[in-house]
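Remarks on the structure that follows.
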Amino acid sequence: MNGYMGKILVVDLTKKELKDEPLNEQYARDFIGAGGIACRYLVDMTDEKTDPLGPDNPLIFMAGLLTGTGGPSFSRWVVASRSPYTTFYGDANGAAHFGSELRFSGYDGVIVKGKSDKPVYLYIKDGKAELKDAAKLWGKNTYETIEAIRKEYDDQRTRVACIGQAGENVGLMANIMTEDGHCAGRAGMGCVMGSKKLKAIAVRGKAKIPMADPEKFRETARAAMEEVKTGFVTTVMHDTGTAGWVDSGISYGDTPSKYYTIATMPEASDISGVTQAEKYQVGNTACFGCPIGCRKVLHIKEGRFKTEKPTEGPEYETLIAWGPLLMIADMGAVNHFNEMVNGYGFDSISGGAAVGFAYYLYEKGVITKKDTGGLDLKWGDIDVTLKLIDLMAKNEGFGKILQEGTKRMAARYNRPGEAMQVKGLEFPMHDPRAFCCMGLAYATSNRGADHNKSDAYLVENGMGNPDLDLVPGDRWGDDKAPMVVLSQNWRSITDALGICHFAMMTTQSIVDMVNASTGWNMDVDSLLKAGERIFQLMRATTCKFGVTPKDDQLPEIALRPIPDGGQEGNVPNMAKMLPEYYQIRDWNKATGKPSKARMETLGMGALAGSFGIK
Amino acid sequence: MLTRVTRDSRSIIAEPSKCAGCITCMLRCSFRIDSKFNLSRSRIRVERQSGRSDEFTVSFTADCDACLICARYCPYGALTATKNESGVTED
């Protein structure tokens, strides 16, 4: 099967059985790779009664179709499951070298079901897989876990995806980490992994990815690599990383502060990408096959949180969620929070947002020291934040309440509408009052509010796709429904292919590489149609797990205007945009599900019944 | 620490301090040898130093023929190709 390894490893942790199964060719053809294929398998293996923390909920790792091949930044992979955090469809997208090495180890993906009675890890090398005792790894943070596994096999090129203490303690927002601070962050995938007592998956191998036309692939990949290398986005990302967005974020009012209640704090520029490049950055690291190298290596040489040696620094989301969102702008402190949260292994976006919400509620007197275990939650308090991170890792006391996330906190403390979340997943650090398209993107993303299923705010900044007419518009316009739909379809396909969002190359070169690898005859239209198919499959799945139209609403706090700063008092016009979006997607107004006609147009007519779509 | 390979009049000098670990060099090398991306066949080897370092070692195997493809493709300027008159053997 050209383009794919053609094999899935199925692991039953209850029976301690490992089995190779051929990758379903039709699933590959229709759903391409990564999250698309993972969701399709998830549909087979779950229903509305599946307990997210039960043995029947599978955890599915899947590489992209192009992951591990020689194109620019073709490094990404996805892990999917029913999310214990949101209770709906959940997935998380990772990079670095795990996805590529998974393919080199002989597999396109791994499906983990059941539960182990004691901690284990999975070791896959050259097509052979074993379950190993993880007693010595249990209790280690993610950095220590990865290093310990590499030492055990005396091999620095063994790639590891693992959980930290947060996942071991079944914290609902626990994540999965790979080397040096790369994460598959959102929706509690590490919680599922911890509930199964699976500590890590380690992969290593020499397998070659079979290709239909390797020469054509190489030629196109070489040109695409050149295009990405010389693009302006690459230069910005290389020089300042994702933290480079902070200065734009301040001027747009996109970067939240004080739990989304005030204009961006001006001190945020003390931790911007430009400031970091000037004061702390000593180098860059890159994911597999990537010429961008957006990951910064920082050395904080002075102050309370000085670092012994250089380490990979926080991305934009972490920088803000554990920074200005909490009224903190101390680079050393935020760098340290990043180390801790990555080490413990929980979602830095949801985690920072939960802490921010706690500070917000505390200021209003909704919660007091009685609720917080005696902690006095003051904005900007670094020491209290450190204590809260430890409690969240232990999943105890007030830390457990934070791990449950802001939707549950809002219910617990009777403050509906004030948690900045959709479907139980917290907003990222991009305010929809700065880019109204994101209001729509957050409302309709299948796993909950997130800025990657559609990065429409980047489209508004020239990082869309000119080939598809995904180009900047008026950021406060209310005509965003067609753009958000297209952006979601586009991202569904690039995610399924395993391409990093920052790698800007012509759409035709992507089509050419897909065809050269697989021997298919796709074009731009069929590629986008596959993107829509994947998106609508995930929508049908998340509806099966309980999403209804009431879950496609923004919370009231997101619609409160902030008159000063970059937002200038604007709010997204959801009353206009959401119905237009529903129409384009052909979603039933009562159930929220895609129509039967749409499912049939997308070739999923046979599945419609299983989703209750008539 | 620089590493170097020299064959005939061609040299490649590696500066690991500039290496970002993307292993594009290994992909390009293995494709030239094998017409497939196969890192184990690569004649340039990039390894992360142990202890959770962000530093890499770069080395060349004995059968590297200094074709210069890796240097041409490195996006981070960590590999420099030079023409060398004296034909000095590998460090």
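Here, A, B, ... name the chains of the structure tokens in the order displayed, residue numbers run from 1 inside each chain, and ligands are numbered from 1 in the same displayed order.
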Might you pull out every residue within 12 Å of Ala14 of chain B, with only C-alpha atoms counted and same-chain residues fewer than 5 positions away left off, and present them as a PyMOL selection string?
-> chain B and resi 1-6+19+25+44-46+56-60+68+70-71+74+76-82+91
Which residues in chain B does DSSP call alpha helix (DSSP H)? List them as a list in words.
->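 In chain B, DSSP puts these residues in alpha helix (DSSP H): Thr24, Cys25, Met26, Leu27, Arg28, Cys29, Ser30, Phe31, Arg32, Ile33, Asp34, Ile69, Cys70, Ala71, Arg72 and Tyr73 of chain B.
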Could you take the residues named above and write them with C-alpha atoms, as a tab-separated table (two decimals), in the first residue's frame?
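Done, and the output landed in out.tsv:
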chain	number	residue	atom	x	y	z
B	24	THR	CA	16.88	16.96	7.09
B	25	CYS	CA	20.52	16.14	6.29
B	26	MET	CA	19.95	12.48	7.17
B	27	LEU	CA	16.79	12.37	5.04
B	28	ARG	CA	18.56	13.84	2.00
B	29	CYS	CA	21.57	11.58	2.37
B	30	SER	CA	19.55	8.39	2.72
B	31	PHE	CA	17.36	9.30	-0.26
B	32	ARG	CA	20.42	9.76	-2.46
B	33	ILE	CA	21.75	6.37	-1.46
B	34	ASP	CA	18.55	4.38	-1.45
B	69	ILE	CA	24.10	17.15	-0.45
B	70	CYS	CA	23.68	17.44	3.34
B	71	ALA	CA	25.45	20.78	3.39
B	72	ARG	CA	23.30	22.02	0.54
B	73	TYR	CA	20.09	21.17	2.40
Would you mind listing, as a compact mmCIF listing (two decimals) with N, CA and C atoms, in the first residue's frame, all residues of chain B that have at least one atom within 8 Å of chain A, where only C-alpha atoms are what counts?
# COMPACT_ATOMS: atom_id res chain seq x y z
N LYS B 18 25.10 24.98 15.84
CA LYS B 18 24.05 25.58 15.01
C LYS B 18 22.97 24.56 14.66
N CYS B 19 23.21 23.30 14.99
CA CYS B 19 22.27 22.24 14.60
C CYS B 19 20.98 22.32 15.40
N ALA B 20 19.83 22.23 14.72
CA ALA B 20 18.53 22.29 15.40
C ALA B 20 17.89 20.91 15.52
N GLY B 21 18.57 19.89 15.03
CA GLY B 21 18.05 18.53 15.21
C GLY B 21 16.93 18.14 14.26
N CYS B 22 16.78 18.84 13.14
CA CYS B 22 15.66 18.53 12.25
C CYS B 22 15.90 17.28 11.42
N ILE B 23 17.16 16.84 11.33
CA ILE B 23 17.65 15.66 10.59
C ILE B 23 17.29 15.65 9.10
N THR B 24 17.07 16.86 8.54
CA THR B 24 16.88 16.96 7.09
C THR B 24 18.10 16.40 6.36
N LEU B 27 17.81 12.74 6.03
CA LEU B 27 16.79 12.37 5.04
C LEU B 27 17.36 12.48 3.63
N ARG B 28 18.04 13.59 3.35
CA ARG B 28 18.56 13.84 2.00
C ARG B 28 19.63 12.81 1.64
N SER B 35 17.15 5.88 -2.75
CA SER B 35 15.88 6.36 -3.34
C SER B 35 14.71 6.21 -2.40
N LYS B 36 14.99 6.10 -1.10
CA LYS B 36 13.92 6.12 -0.10
C LYS B 36 14.45 6.85 1.11
N PHE B 37 13.53 7.42 1.87
CA PHE B 37 13.96 8.07 3.11
C PHE B 37 14.14 6.97 4.14
N ASN B 38 15.35 6.76 4.57
CA ASN B 38 15.68 5.67 5.46
C ASN B 38 16.86 6.09 6.31
N LEU B 39 16.57 6.60 7.48
CA LEU B 39 17.61 7.24 8.28
C LEU B 39 18.77 6.32 8.62
N SER B 40 18.48 5.04 8.75
CA SER B 40 19.56 4.13 9.16
C SER B 40 20.62 4.00 8.07
N GLU B 47 22.79 13.17 16.47
CA GLU B 47 22.30 12.55 17.70
C GLU B 47 22.16 13.63 18.76
N ARG B 48 21.06 13.55 19.51
CA ARG B 48 20.90 14.46 20.64
C ARG B 48 21.82 13.97 21.75
N GLN B 49 22.50 14.90 22.39
CA GLN B 49 23.34 14.48 23.52
C GLN B 49 22.44 14.09 24.67
N SER B 50 22.90 13.18 25.49
CA SER B 50 22.03 12.66 26.53
C SER B 50 21.89 13.67 27.67
N GLY B 51 20.99 13.41 28.56
CA GLY B 51 20.77 14.31 29.69
C GLY B 51 19.85 15.44 29.33
N ARG B 52 18.92 15.17 28.42
CA ARG B 52 17.91 16.17 28.07
C ARG B 52 18.55 17.46 27.60
N SER B 53 19.55 17.28 26.77
CA SER B 53 20.23 18.46 26.27
C SER B 53 19.55 18.96 25.00
N ASP B 54 19.74 20.23 24.70
CA ASP B 54 19.30 20.73 23.41
C ASP B 54 20.47 20.83 22.46
N CYS B 74 21.01 21.75 4.60
CA CYS B 74 20.85 22.14 6.00
C CYS B 74 20.22 23.53 6.11
N PRO B 75 19.05 23.64 6.74
CA PRO B 75 18.41 24.97 6.81
C PRO B 75 19.02 25.89 7.85
N TYR B 76 19.94 25.38 8.67
CA TYR B 76 20.40 26.17 9.81
C TYR B 76 21.86 26.58 9.71
Neighbours of Phe545 of chain A within 9 Å (only C-alpha atoms; same-chain residues fewer than 3 positions away dropped), as a PDB file with C-alpha atoms, in the first residue's frame?
ATOM      1  CA  ASP A  47     -20.928   4.505  21.248  1.00  0.00           C
ATOM      2  CA  GLU A  48     -22.742   7.105  23.348  1.00  0.00           C
ATOM      3  CA  LYS A  49     -22.427   4.889  26.440  1.00  0.00           C
ATOM      4  CA  THR A  50     -18.644   4.451  26.254  1.00  0.00           C
ATOM      5  CA  ARG A  82     -13.535   9.978  23.786  1.00  0.00           C
ATOM      6  CA  THR A  87     -16.966  13.889  27.497  1.00  0.00           C
ATOM      7  CA  PHE A  88     -17.139  14.552  23.738  1.00  0.00           C
ATOM      8  CA  TYR A  89     -14.826  13.744  20.818  1.00  0.00           C
ATOM      9  CA  ALA A 540     -21.117  13.435  13.719  1.00  0.00           C
ATOM     10  CA  THR A 541     -18.923  11.662  16.286  1.00  0.00           C
ATOM     11  CA  THR A 542     -18.951  14.505  18.770  1.00  0.00           C
TER      12      THR A 542
END
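Looking only at segment 193-337 of chain A, the set that DSSP places in strand (DSSP E) from backbone geometry is Leu198, Lys199, Ala200, Ile201, Ala202, Val203, Arg204, Gln281, Val282, Gly283, Asn284, Thr285, Arg295, Lys296, Val297, Leu298, Thr311 and Glu312 of chain A.
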Write out as a PyMOL selection string the residues lying within 9 Å of Ser509 of chain A, counting only C-alpha atoms and excluding same-chain residues fewer than 4 positions away.
-> chain A and resi 220-221+223-224+505+513-514
Quick one: distance from atom CA of Leu131 of chain A to atom CA of Ile32 of chain A in Å, one decimal?
->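 These atoms are spaced 28.8 Å apart.
Shell of Glu339 of chain A at 12 Å, with only C-alpha atoms counted and residues fewer than 6 places along the chain excluded, is Asn141, Thr142, Tyr143, Glu144, Gly164, Met177, Asp180, Gly181, His182, Leu298, Phe305, Thr307, Pro310, Thr311, Glu312, Gly313, Pro314, Glu315, Thr318, Leu319, Trp322, Gly332, Ala333, Gly345, Phe346, Ser348, Leu386 and Ile389 of chain A.
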What does the distance between atom CA of Gly448 of chain A and atom CA of Ala92 of chain A come to in Å, to one decimal place?
->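 Answer for the atom CA of Gly448 of chain A to atom CA of Ala92 of chain A separation: 11.6 Å.
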Any idea what the distance is between atom CA of Thr240 of chain A and atom CA of Ser17 of chain B?
->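 Separation between atom CA of Thr240 of chain A and atom CA of Ser17 of chain B: 18.4 Å.
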As a PDB file with N, CA and C atoms, in the first residue's frame, please: the residues near Leu325 of chain A (cut-off 6 Å, only C-alpha atoms, same-chain neighbours under 4 positions excluded).
ATOM      1  N   PRO A 256      -5.026  37.913  25.883  1.00  0.00           N
ATOM      2  CA  PRO A 256      -5.844  38.236  27.052  1.00  0.00           C
ATOM      3  C   PRO A 256      -4.998  38.559  28.282  1.00  0.00           C
ATOM      4  N   SER A 257      -5.633  39.246  29.213  1.00  0.00           N
ATOM      5  CA  SER A 257      -5.020  39.511  30.510  1.00  0.00           C
ATOM      6  C   SER A 257      -6.094  39.480  31.578  1.00  0.00           C
ATOM      7  N   LYS A 258      -5.684  39.180  32.794  1.00  0.00           N
ATOM      8  CA  LYS A 258      -6.603  39.158  33.938  1.00  0.00           C
ATOM      9  C   LYS A 258      -7.889  38.403  33.584  1.00  0.00           C
ATOM     10  N   TYR A 259      -7.694  37.183  33.192  1.00  0.00           N
ATOM     11  CA  TYR A 259      -8.792  36.302  32.789  1.00  0.00           C
ATOM     12  C   TYR A 259      -9.751  36.986  31.815  1.00  0.00           C
ATOM     13  N   ILE A 320       1.258  33.017  27.808  1.00  0.00           N
ATOM     14  CA  ILE A 320       0.157  33.914  28.171  1.00  0.00           C
ATOM     15  C   ILE A 320      -0.743  33.284  29.224  1.00  0.00           C
ATOM     16  N   ALA A 321      -1.066  31.999  29.069  1.00  0.00           N
ATOM     17  CA  ALA A 321      -1.970  31.340  30.016  1.00  0.00           C
ATOM     18  C   ALA A 321      -1.398  31.341  31.422  1.00  0.00           C
TER      19      ALA A 321
END
Near segment 462-478 of chain A, within 6 Å and counting only C-alpha atoms, which residues show up once chain neighbours fewer than 4 positions away are dropped, as a ChimeraX atom specification?
-> /A:435-436,458,573
Go ahead and write the residues just picked, C-alpha atoms, as an mmCIF file, in the first residue's frame.
data_model
loop_
_atom_site.group_PDB
_atom_site.id
_atom_site.type_symbol
_atom_site.label_atom_id
_atom_site.label_comp_id
_atom_site.auth_asym_id
_atom_site.auth_seq_id
_atom_site.Cartn_x
_atom_site.Cartn_y
_atom_site.Cartn_z
ATOM 1 C CA PHE A 435 -10.707 38.452 15.644
ATOM 2 C CA CYS A 436 -14.424 37.778 15.314
ATOM 3 C CA LEU A 458 -3.754 33.710 11.169
ATOM 4 C CA ASN A 573 -21.821 38.828 15.884
#
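When only C-alpha atoms are used to compute distances to His299 of chain A, the closest of the residues A:Asp383, A:Asp270, A:Glu278, A:Asp30 turns out to be A:Glu278.
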Rank A:Ser487, A:Gln165, A:Thr234, A:Thr518 by their smallest atom-to-atom distance to Glu532 of chain A, using only C-alpha atoms, and report the top residue only.
->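 Checking each candidate against Glu532 of chain A, we get A:Ser487 as the closest.
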